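The next block is protein33.cif, given as mmCIF, C-alpha atoms.
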```cif
data_entry
#
loop_
_atom_site.label_atom_id
_atom_site.label_comp_id
_atom_site.auth_asym_id
_atom_site.auth_seq_id
_atom_site.Cartn_x
_atom_site.Cartn_y
_atom_site.Cartn_z
CA MET A 80 0.00 0.00 0.00
CA MET A 81 2.86 2.37 0.77
CA ALA A 82 4.34 1.60 -2.63
CA LYS A 83 1.03 2.26 -4.34
CA THR A 84 0.70 5.60 -2.57
CA GLY A 85 4.31 6.37 -3.36
CA THR A 86 3.65 5.93 -7.04
CA ALA A 87 0.50 8.03 -7.14
CA VAL A 88 2.09 10.78 -5.06
CA PRO A 89 5.80 10.64 -5.91
CA TRP A 90 6.95 13.06 -3.19
CA LYS A 91 5.04 11.31 -0.41
CA GLN A 92 7.44 8.39 -0.26
CA LEU A 93 10.37 10.84 -0.06
CA LEU A 94 8.67 12.53 2.88
CA LEU A 95 7.85 9.24 4.63
CA ASP A 96 11.49 8.19 4.17
CA ALA A 97 12.70 11.51 5.62
CA LEU A 98 10.38 11.09 8.61
CA ASP A 99 11.71 7.60 9.06
CA SER A 100 15.39 8.52 8.94
CA ASN A 101 14.85 11.45 11.32
CA ALA A 102 12.39 9.65 13.61
CA HIS A 103 14.77 9.59 16.59
CA LEU A 104 14.58 13.39 16.74
CA LYS A 105 11.55 14.78 18.52
CA HIS A 106 11.54 17.84 16.30
CA SER A 107 11.45 15.83 13.06
CA SER A 108 7.67 16.22 13.00
CA PHE A 109 7.89 20.03 13.34
CA PHE A 110 7.55 22.27 10.32
CA GLN A 111 7.01 25.96 9.66
CA LEU A 112 3.74 27.10 8.14
CA ALA A 113 3.57 30.43 6.30
CA THR A 114 0.23 32.19 5.83
CA VAL A 115 -0.83 35.70 4.84
CA GLY A 116 -2.53 38.05 7.31
CA TYR A 117 -5.32 40.57 6.73
CA ASN A 118 -2.73 43.28 6.17
CA GLY A 119 -1.22 41.26 3.32
CA ARG A 120 1.90 40.51 5.35
CA PRO A 121 3.29 37.03 5.94
CA SER A 122 3.09 35.05 9.18
CA ASN A 123 5.20 32.04 10.07
CA ARG A 124 5.08 29.58 12.95
CA THR A 125 6.20 26.10 13.97
CA LEU A 126 3.50 23.41 13.93
CA ILE A 127 3.38 19.67 14.35
CA PHE A 128 2.72 17.18 11.55
CA ARG A 129 -0.23 14.98 12.59
CA GLY A 130 -0.04 12.57 9.69
CA PHE A 131 -1.52 12.21 6.24
CA GLN A 132 -5.28 11.98 5.93
CA GLY A 133 -5.93 8.30 5.21
CA ASP A 134 -3.92 7.29 2.16
CA THR A 135 -4.22 10.68 0.50
CA ASP A 136 -1.48 13.30 0.19
CA LYS A 137 -3.31 15.72 2.51
CA ILE A 138 -1.43 16.87 5.61
CA GLN A 139 -3.18 17.14 8.97
CA ILE A 140 -2.46 19.78 11.61
CA HIS A 141 -4.20 20.42 14.92
CA THR A 142 -4.85 23.87 16.24
CA ASP A 143 -7.09 25.92 18.49
CA SER A 144 -10.07 27.52 16.74
CA THR A 145 -9.32 30.81 18.54
CA SER A 146 -5.76 31.08 17.19
CA ARG A 147 -4.89 33.92 14.86
CA LYS A 148 -3.96 31.62 11.99
CA ILE A 149 -7.60 30.53 11.69
CA ASP A 150 -8.60 34.12 10.93
CA GLU A 151 -5.74 34.42 8.50
CA LEU A 152 -6.68 31.20 6.72
CA LYS A 153 -10.32 32.26 6.45
CA HIS A 154 -9.08 35.39 4.70
CA CYS A 155 -6.48 33.59 2.54
CA PRO A 156 -6.52 29.77 2.52
CA PHE A 157 -3.10 29.40 0.87
CA ALA A 158 -0.15 28.27 2.95
CA GLU A 159 3.38 27.04 2.41
CA ILE A 160 4.91 24.44 4.67
CA CYS A 161 8.70 24.57 4.96
CA TRP A 162 10.01 21.37 6.52
CA TYR A 163 13.70 20.98 7.08
CA PHE A 164 15.03 17.63 8.30
CA THR A 165 18.10 18.36 10.38
CA GLU A 166 19.56 14.84 10.25
CA SER A 167 19.13 13.99 6.58
CA TRP A 168 19.54 17.57 5.29
CA GLU A 169 16.35 17.47 3.25
CA GLN A 170 13.96 20.36 2.72
CA PHE A 171 10.35 20.06 1.58
CA ARG A 172 8.52 23.22 0.57
CA ILE A 173 4.85 22.35 0.20
CA LYS A 174 2.48 24.90 -1.31
CA GLY A 175 -1.20 24.25 -0.90
CA ARG A 176 -4.60 25.26 0.37
CA ILE A 177 -5.89 24.68 3.87
CA ASP A 178 -9.36 23.50 4.83
CA ILE A 179 -10.48 24.44 8.33
CA VAL A 180 -12.41 21.61 9.96
CA ASP A 181 -14.06 22.69 13.20
CA GLY A 182 -17.21 21.32 14.84
CA SER A 183 -19.44 23.32 12.50
CA ASN A 184 -18.04 21.73 9.32
CA PRO A 185 -20.94 20.62 7.09
CA ASP A 186 -19.11 17.58 5.66
CA PRO A 187 -19.65 14.37 7.72
CA VAL A 188 -16.40 12.85 6.39
CA ASN A 189 -14.49 15.90 7.63
CA LEU A 190 -16.19 15.69 11.01
CA GLN A 191 -15.21 12.05 11.24
CA GLU A 192 -11.58 12.93 10.47
CA ARG A 193 -11.68 15.60 13.16
CA GLU A 194 -12.98 13.05 15.67
CA LYS A 195 -10.29 10.53 14.66
CA SER A 196 -7.66 13.24 15.14
CA TRP A 197 -9.03 14.06 18.58
CA PHE A 198 -8.88 10.47 19.76
CA ALA A 199 -5.41 10.01 18.24
CA ARG A 200 -4.14 12.53 20.81
CA SER A 201 -3.32 11.48 24.34
CA PRO A 202 -6.08 12.39 26.83
CA ARG A 203 -3.61 14.67 28.59
CA SER A 204 -2.81 16.58 25.41
CA ARG A 205 -6.54 17.04 24.72
CA LEU A 206 -6.68 19.15 27.87
CA LEU A 207 -4.91 21.97 26.09
CA TYR A 208 -8.06 22.67 24.16
CA LEU A 209 -9.90 23.28 27.40
CA ASP A 210 -7.37 25.88 28.57
CA PRO A 211 -6.77 29.36 27.27
CA GLY A 212 -3.46 29.72 25.47
CA HIS A 213 -1.94 27.38 22.99
CA PRO A 214 1.48 25.95 23.77
CA LEU A 215 3.31 24.73 20.70
CA VAL A 216 4.50 21.38 21.95
CA ASP A 217 1.46 20.59 23.96
CA GLU A 218 2.50 17.10 25.08
CA GLU A 219 4.79 18.79 27.58
CA SER A 220 1.94 20.24 29.59
CA PRO A 221 2.40 19.33 33.25
CA LYS A 222 -1.31 19.47 34.02
CA GLU A 223 -3.19 16.56 35.48
CA VAL A 224 -5.73 14.68 33.43
CA SER A 225 -9.29 15.76 34.15
CA ILE A 226 -11.06 14.96 30.91
CA ASP A 227 -13.39 12.10 30.08
CA PRO A 228 -11.25 10.02 27.71
CA SER A 229 -14.30 8.85 25.78
CA ALA A 230 -15.69 12.36 25.23
CA GLY A 231 -15.50 13.68 21.66
CA PRO A 232 -13.68 16.81 20.46
CA VAL A 233 -14.32 20.07 22.31
CA ASP A 234 -15.39 23.17 20.37
CA ALA A 235 -11.91 24.70 20.38
CA PHE A 236 -10.35 21.67 18.70
CA CYS A 237 -9.74 22.35 15.06
CA LEU A 238 -8.30 20.13 12.36
CA LEU A 239 -6.47 21.83 9.52
CA VAL A 240 -6.16 19.86 6.30
CA HIS A 241 -3.43 21.08 3.97
CA ASP A 242 -4.02 19.98 0.37
CA PRO A 243 -0.65 20.16 -1.46
CA GLU A 244 -0.48 21.64 -4.95
CA GLN A 245 3.27 21.95 -5.43
CA VAL A 246 6.25 20.43 -3.67
CA ASP A 247 9.84 21.55 -3.96
CA TYR A 248 12.29 18.96 -2.65
CA LEU A 249 15.95 19.68 -1.93
CA ASN A 250 18.49 17.14 -0.70
CA LEU A 251 21.66 18.86 0.49
CA LYS A 252 23.63 15.65 0.86
CA SER A 253 23.07 14.41 -2.70
CA ASN A 254 22.57 17.95 -4.03
CA GLN A 255 19.38 16.75 -5.69
CA ARG A 256 16.42 19.02 -6.37
CA LEU A 257 13.00 17.96 -7.57
CA THR A 258 9.78 19.88 -8.20
CA PHE A 259 6.43 18.13 -8.08
CA THR A 260 3.36 19.75 -9.57
CA SER A 261 -0.23 18.58 -9.29
CA ARG A 262 -2.86 18.61 -12.00
CA HIS A 263 -6.49 17.60 -11.86
CA LYS A 264 -8.06 15.05 -14.17
CA VAL A 265 -11.50 15.60 -15.70
CA ASN A 266 -13.03 13.48 -12.93
CA GLY A 267 -11.43 15.73 -10.30
CA ASP A 268 -8.68 13.26 -9.32
CA LYS A 269 -5.30 14.76 -8.66
CA TRP A 270 -2.16 13.52 -10.38
CA TRP A 271 1.45 14.60 -10.01
CA THR A 272 4.29 15.29 -12.39
CA SER A 273 7.90 15.66 -11.28
CA GLU A 274 10.84 17.52 -12.71
CA LYS A 275 14.53 17.46 -11.88
CA ILE A 276 15.90 20.94 -11.27
CA ASN A 277 19.50 22.08 -11.57
CA PRO A 278 20.19 22.86 -7.90
CA MET B 194 28.86 45.86 24.87
CA MET B 195 26.70 42.73 24.66
CA ALA B 196 24.92 43.81 27.84
CA LYS B 197 24.34 47.30 26.46
CA THR B 198 22.85 45.86 23.26
CA GLY B 199 20.82 43.43 25.31
CA THR B 200 19.24 46.30 27.19
CA ALA B 201 18.41 48.39 24.14
CA VAL B 202 17.05 45.39 22.25
CA PRO B 203 15.67 43.06 24.92
CA TRP B 204 15.08 40.06 22.65
CA LYS B 205 18.53 40.19 21.09
CA GLN B 206 20.22 38.78 24.16
CA LEU B 207 17.67 35.95 24.26
CA LEU B 208 18.51 35.15 20.65
CA LEU B 209 22.26 35.33 21.22
CA ASP B 210 21.84 33.00 24.22
CA ALA B 211 19.80 30.57 22.11
CA LEU B 212 22.45 30.61 19.39
CA ASP B 213 25.05 29.96 22.05
CA SER B 214 23.28 27.02 23.67
CA ASN B 215 22.55 25.43 20.28
CA ALA B 216 25.92 26.27 18.70
CA HIS B 217 27.04 22.64 18.50
CA LEU B 218 24.26 21.99 15.98
CA LYS B 219 25.03 22.99 12.40
CA HIS B 220 21.38 23.78 11.76
CA SER B 221 21.09 26.19 14.70
CA SER B 222 21.78 29.08 12.31
CA PHE B 223 18.97 27.99 9.94
CA PHE B 224 15.59 29.67 10.03
CA GLN B 225 12.51 29.80 7.84
CA LEU B 226 11.62 33.05 6.08
CA ALA B 227 8.06 33.68 4.95
CA THR B 228 7.32 36.20 2.22
CA VAL B 229 4.34 36.98 -0.01
CA GLY B 230 4.42 36.35 -3.76
CA TYR B 231 2.89 38.38 -6.60
CA ASN B 232 -0.21 36.21 -6.45
CA GLY B 233 -0.71 37.16 -2.79
CA ARG B 234 0.19 33.66 -1.63
CA PRO B 235 2.84 32.87 0.96
CA SER B 236 6.28 31.43 0.29
CA ASN B 237 8.54 29.83 2.86
CA ARG B 238 12.15 28.61 2.71
CA THR B 239 15.10 27.79 4.93
CA LEU B 240 17.87 30.38 5.04
CA ILE B 241 21.05 30.91 7.01
CA PHE B 242 21.53 33.60 9.67
CA ARG B 243 24.60 35.66 8.73
CA GLY B 244 24.77 37.72 11.90
CA PHE B 245 23.45 41.03 13.14
CA GLN B 246 24.45 44.16 11.29
CA GLY B 247 27.06 45.78 13.55
CA ASP B 248 25.52 46.28 17.00
CA THR B 249 22.03 46.89 15.65
CA ASP B 250 19.08 44.46 15.80
CA LYS B 251 19.07 44.02 12.01
CA ILE B 252 19.46 40.47 10.71
CA GLN B 253 21.66 39.73 7.71
CA ILE B 254 20.96 37.07 5.07
CA HIS B 255 22.85 36.29 1.87
CA THR B 256 21.13 35.35 -1.33
CA ASP B 257 21.46 35.33 -5.09
CA SER B 258 20.01 38.38 -6.83
CA THR B 259 18.32 36.11 -9.38
CA SER B 260 16.36 34.12 -6.75
CA ARG B 261 12.59 34.35 -6.73
CA LYS B 262 12.46 35.79 -3.22
CA ILE B 263 14.11 38.98 -4.50
CA ASP B 264 11.18 39.56 -6.85
CA GLU B 265 8.77 38.76 -4.05
CA LEU B 266 10.47 41.17 -1.66
CA LYS B 267 10.48 43.96 -4.25
CA HIS B 268 6.74 43.47 -4.49
CA CYS B 269 6.17 43.12 -0.73
CA PRO B 270 9.10 43.87 1.58
CA PHE B 271 7.52 42.31 4.68
CA ALA B 272 8.80 38.99 5.95
CA GLU B 273 8.47 36.81 9.03
CA ILE B 274 11.36 34.74 10.26
CA CYS B 275 10.42 31.62 12.22
CA TRP B 276 13.43 30.26 14.06
CA TYR B 277 13.06 27.13 16.13
CA PHE B 278 15.98 26.00 18.26
CA THR B 279 15.80 22.23 18.46
CA GLU B 280 18.04 21.83 21.50
CA SER B 281 16.69 24.55 23.78
CA TRP B 282 13.08 24.36 22.54
CA GLU B 283 12.84 28.09 21.87
CA GLN B 284 10.95 29.71 19.02
CA PHE B 285 11.49 33.25 17.74
CA ARG B 286 8.97 34.68 15.32
CA ILE B 287 10.41 37.89 13.94
CA LYS B 288 8.21 40.17 11.83
CA GLY B 289 9.95 42.89 9.88
CA ARG B 290 10.83 44.54 6.62
CA ILE B 291 13.63 43.52 4.32
CA ASP B 292 16.04 45.82 2.50
CA ILE B 293 17.64 44.39 -0.61
CA VAL B 294 21.28 45.42 -0.89
CA ASP B 295 22.76 44.51 -4.26
CA GLY B 296 25.61 46.20 -6.13
CA SER B 297 23.32 48.98 -7.36
CA ASN B 298 22.35 50.13 -3.86
CA PRO B 299 22.70 53.93 -3.63
CA ASP B 300 23.74 53.96 0.06
CA PRO B 301 27.53 53.71 0.57
CA VAL B 302 27.05 52.31 4.10
CA ASN B 303 24.90 49.49 2.67
CA LEU B 304 27.47 48.79 -0.02
CA GLN B 305 30.15 48.58 2.63
CA GLU B 306 28.04 46.08 4.61
CA ARG B 307 27.57 44.03 1.46
CA GLU B 308 31.32 43.98 0.89
CA LYS B 309 31.95 42.97 4.51
CA SER B 310 29.44 40.15 4.13
CA TRP B 311 31.15 38.97 0.97
CA PHE B 312 34.56 38.81 2.61
CA ALA B 313 33.10 37.13 5.71
CA ARG B 314 32.31 34.12 3.50
CA SER B 315 34.94 31.53 2.67
CA PRO B 316 36.43 32.00 -0.82
CA ARG B 317 35.01 28.59 -1.75
CA SER B 318 31.50 29.54 -0.73
CA ARG B 319 31.74 32.76 -2.77
CA LEU B 320 31.99 30.57 -5.87
CA LEU B 321 28.29 29.76 -5.59
CA TYR B 322 27.51 33.23 -6.76
CA LEU B 323 29.41 32.58 -9.97
CA ASP B 324 27.42 29.43 -10.74
CA PRO B 325 23.81 29.07 -11.79
CA GLY B 326 21.63 27.53 -9.09
CA HIS B 327 21.60 28.32 -5.44
CA PRO B 328 22.21 25.46 -3.02
CA LEU B 329 20.94 26.17 0.45
CA VAL B 330 23.91 25.04 2.47
CA ASP B 331 26.48 26.32 0.13
CA GLU B 332 29.53 25.49 2.23
CA GLU B 333 29.02 21.89 1.13
CA SER B 334 29.84 22.65 -2.49
CA PRO B 335 32.49 20.21 -3.71
CA LYS B 336 33.86 22.61 -6.29
CA GLU B 337 37.46 23.74 -6.35
CA VAL B 338 38.39 27.29 -5.55
CA SER B 339 38.93 29.37 -8.67
CA ILE B 340 38.18 32.86 -7.44
CA ASP B 341 40.51 35.70 -6.59
CA PRO B 342 40.15 35.87 -2.80
CA SER B 343 40.76 39.62 -2.81
CA ALA B 344 38.12 40.37 -5.46
CA GLY B 345 35.00 42.17 -4.22
CA PRO B 346 31.40 40.89 -4.42
CA VAL B 347 30.13 39.67 -7.79
CA ASP B 348 26.90 41.10 -9.23
CA ALA B 349 24.78 38.13 -8.17
CA PHE B 350 25.72 38.50 -4.49
CA CYS B 351 22.94 40.11 -2.58
CA LEU B 352 22.70 41.07 1.09
CA LEU B 353 19.25 41.06 2.65
CA VAL B 354 18.82 43.16 5.78
CA HIS B 355 15.81 42.23 7.88
CA ASP B 356 14.73 45.08 10.16
CA PRO B 357 12.64 43.56 12.99
CA GLU B 358 9.43 45.28 14.10
CA GLN B 359 7.90 42.63 16.33
CA VAL B 360 9.28 39.54 18.02
CA ASP B 361 7.29 36.73 19.55
CA TYR B 362 9.37 34.52 21.84
CA LEU B 363 8.26 31.13 23.13
CA ASN B 364 10.24 28.90 25.46
CA LEU B 365 8.76 25.41 25.60
CA LYS B 366 10.91 24.27 28.50
CA SER B 367 9.97 27.09 30.86
CA ASN B 368 6.60 27.62 29.13
CA GLN B 369 7.42 31.33 28.93
CA ARG B 370 6.07 33.58 26.22
CA LEU B 371 7.10 37.17 25.54
CA THR B 372 6.14 39.65 22.85
CA PHE B 373 8.47 42.49 21.92
CA THR B 374 7.17 45.48 19.97
CA SER B 375 9.21 48.29 18.47
CA ARG B 376 8.35 51.97 18.40
CA HIS B 377 10.17 54.87 16.84
CA LYS B 378 11.23 57.96 18.78
CA VAL B 379 10.84 61.43 17.28
CA ASN B 380 14.49 61.34 16.19
CA GLY B 381 13.83 58.07 14.31
CA ASP B 382 15.57 55.83 16.85
CA LYS B 383 13.88 52.53 17.52
CA TRP B 384 12.98 51.37 21.02
CA TRP B 385 11.41 48.17 22.24
CA THR B 386 8.74 47.30 24.76
CA SER B 387 8.12 43.79 26.02
CA GLU B 388 5.07 42.04 27.37
CA LYS B 389 4.60 38.70 29.07
CA ILE B 390 1.88 36.61 27.41
CA ASN B 391 -0.12 33.80 28.96
CA PRO B 392 1.21 30.90 26.88
#
```
Can you dump the structure from the file as structure tokens?
Amino acid sequence: MMAKTGTAVPWKQLLLDALDSNAHLKHSSFFQLATVGYNGRPSNRTLIFRGFQGDTDKIQIHTDSTSRKIDELKHCPFAEICWYFTESWEQFRIKGRIDIVDGSNPDPVNLQEREKSWFARSPRSRLLYLDPGHPLVDEESPKEVSIDPSAGPVDAFCLLVHDPEQVDYLNLKSNQRLTFTSRHKVNGDKWWTSEKINP
Amino acid sequence: MMAKTGTAVPWKQLLLDALDSNAHLKHSSFFQLATVGYNGRPSNRTLIFRGFQGDTDKIQIHTDSTSRKIDELKHCPFAEICWYFTESWEQFRIKGRIDIVDGSNPDPVNLQEREKSWFARSPRSRLLYLDPGHPLVDEESPKEVSIDPSAGPVDAFCLLVHDPEQVDYLNLKSNQRLTFTSRHKVNGDKWWTSEKINP
């Protein structure tokens, strides 16, 4: 199945391999997400990769619905992930569009994904969405658990789904650079082409 | 002198301390810079910190004058640096404006800074600006030196000077969050205020 996905989305296997070879580093799942604010100026912050959505190429992120980036994304849904792997010296720049999935999302499939994301978190880390403030690496919270582990997502819990449109890959060890571009078929399916770039 | 600078620019000492405590990691000088493209969408890439300009709070970056970010910055000079220190778990988000200093810059002080930046690089790493393509971690280039080490900057060498306006600091070990905001005095001098934020 991995191989099948890797073929359909050629950069995904590269990313899974990078995650694998950097897995011993806690920060290997951290990337920087750039968005554009109301004033037309860029914003940039570190976020945590929460996995691909099913076997698609869509990237999941968790955030608080009261955070400023939600407002920014409502205004301009485009975002670029910059993900640098410090051990393997690989950089992925992933341009795409972000869907905001909060409790009011009209799509039942989205709501199901949000619920899956909620339960994929440790009960302790779910607590963050009950508190004001939004620490970045929330697993470090020293608070005691006081949440019903079977209770579904709270209002503040928001799933962001980043749908990649273009990926720029740079490997500084092999000095290899690749650009992946998505197209849409008539039936709406996405397919990817890749191109080797002179680094 | 460090202490004096630290007082005038309260976040600078925090950043110098972070650089110090992460200095054993090659990637500690890497940050992500977000800009806005012509289409109003964000871009994000990893760049290398090349030091502060003199004893100011301005951040220097080197780049090739033919890179796409130059066009983007001419269109919109605002940029946000996101700098995550993987060892000390500190994040600096630095909003500011970027000045592009290439060989045609009318300000002799800027040109002098550009020349200083050029000579601060190893002769081998200067070669990159003679070649097409712009590897990120250019010191790794396997090419042989064939440049006159006393020759000044080539046309393609460009100094970017990021002038910070707001800094958001987050320490994930101490769970401390601070926001620093700049103001300008009547005489044009910049001064900074800081505020503790509930993380």
Quiz item: Applied to the shown file, which residues does the PyMOL selection byres ((chain B and resi 201-206) around 12) return, written as a PyMOL selection string?
Solution: chain B and resi 194-200+207-213+244-245+248-252+284-287+357-363+370-376+382-388
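Minimum atom-to-atom distances from A:Ile160, A:Val265, A:Ile179, A:Leu207 to chain B were compared using all atoms listed in the file, and the lowest value belongs to A:Ile160.
Proximity of B:Gly289, B:Pro342, B:Gly381, B:Pro301 to chain A, computed with only C-alpha atoms, is greatest for B:Gly289.
Near Ser144 of chain A, within a cut-off of 8 Å and counting only C-alpha atoms, sit the residues Ile149, Asp181, Asp234, Ala235, Phe236 and Cys237 of chain A, with same-chain residues fewer than 3 positions away left out.
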Quiz prompt | Resolved residues for the PyMOL selection byres ((chain B and resi 280) around 12) as a list in words | solution = Leu104, Lys105, His106 and Thr165 of chain A; Ala211, Leu212, Asp213, Ser214, Asn215, Ala216, His217, Leu218, Lys219, His220, Ser221, Tyr277, Phe278, Thr279, Ser281, Trp282, Glu283, Gln284, Asn364, Leu365 and Lys366 of chain B
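Using all atoms listed in the file, the shortest contact distance between chain A and any of B:Asn391, B:Ser297, B:Ser367, B:Ser310 is found at B:Asn391.
In this structure, atom CA of Arg193 of chain A sits 7.7 Å away from atom CA of Pro232 of chain A.
Every protein or nucleic acid residue with an atom no more than 7 Å from Ile291 of chain B, counting only C-alpha atoms and leaving out same-chain residues fewer than 4 positions away, appears here: Pro270, Phe271, Ala272, Leu353, Val354, His355 and Asp356 of chain B.
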What would the file look like if the residues just selected were written as a compact mmCIF listing (two decimals), in the coordinates of the input with C-alpha atoms?
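Writing done, so here's out_29.txt:
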```txt
# COMPACT_ATOMS: atom_id res chain seq x y z
CA PRO B 270 9.10 43.87 1.58
CA PHE B 271 7.52 42.31 4.68
CA ALA B 272 8.80 38.99 5.95
CA LEU B 353 19.25 41.06 2.65
CA VAL B 354 18.82 43.16 5.78
CA HIS B 355 15.81 42.23 7.88
CA ASP B 356 14.73 45.08 10.16
```
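Across the model, the gap from atom CA of Thr142 of chain A to atom CA of Glu273 of chain B is 19.9 Å.
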Please return the centre and edge lengths, in Å to one decimal, of a box with edges along x, y and z that contains all listed atoms of segment 354-362 of chain B, widened by 3 Å on every side, as lines of an AutoDock Vina configuration file.
```
center_x = 13.1
center_y = 39.9
center_z = 13.8
size_x = 17.5
size_y = 16.8
size_z = 22.1
```
Quiz item: When you draw a straight line from atom CA of Gly296 of chain B to atom CA of Gly233 of chain B, how long is it in Å?
Solution: 28.0 Å
Self-check item: Distance criterion (only C-alpha atoms): nearest to chain B out of A:Gln255, A:Ser201, A:Gln139, A:Asn266
Solution: A:Gln255
Exercise. Would you mind telling me which residue in A:Leu206, A:Cys161, A:Leu126, A:Val180 lies nearest to Leu238 of chain A when using only C-alpha atoms?
Key: A:Val180
Quiz item: Which is closer to Ala227 of chain B than all the others in B:Arg314, B:Asp341, B:Glu265, B:Leu323, using all atoms listed in the file?
Solution: B:Glu265
Pull the neighbourhood of (0.5, 38.9, 0.2) for me: all residues within 8 Å in file coordinates, counting only C-alpha atoms, as a PDB file with C-alpha atoms, in the coordinates of the input.
```pdb
ATOM      1  CA  VAL A 115      -0.830  35.700   4.840  1.00  0.00           C
ATOM      2  CA  GLY A 116      -2.530  38.050   7.310  1.00  0.00           C
ATOM      3  CA  GLY A 119      -1.220  41.260   3.320  1.00  0.00           C
ATOM      4  CA  ARG A 120       1.900  40.510   5.350  1.00  0.00           C
ATOM      5  CA  PRO A 121       3.290  37.030   5.940  1.00  0.00           C
TER       6      PRO A 121
ATOM      7  CA  THR B 228       7.320  36.200   2.220  1.00  0.00           C
ATOM      8  CA  VAL B 229       4.340  36.980  -0.010  1.00  0.00           C
ATOM      9  CA  GLY B 230       4.420  36.350  -3.760  1.00  0.00           C
ATOM     10  CA  TYR B 231       2.890  38.380  -6.600  1.00  0.00           C
ATOM     11  CA  ASN B 232      -0.210  36.210  -6.450  1.00  0.00           C
ATOM     12  CA  GLY B 233      -0.710  37.160  -2.790  1.00  0.00           C
ATOM     13  CA  ARG B 234       0.190  33.660  -1.630  1.00  0.00           C
ATOM     14  CA  PRO B 235       2.840  32.870   0.960  1.00  0.00           C
ATOM     15  CA  CYS B 269       6.170  43.120  -0.730  1.00  0.00           C
TER      16      CYS B 269
END
```
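Surrounding residues of (40.8, 36.2, -2.0) at most 10 Å away are Phe312, Ser315, Pro316, Arg317, Arg319, Val338, Ser339, Ile340, Asp341, Pro342, Ser343, Ala344 and Gly345 of chain B (based on all atoms listed in the file).
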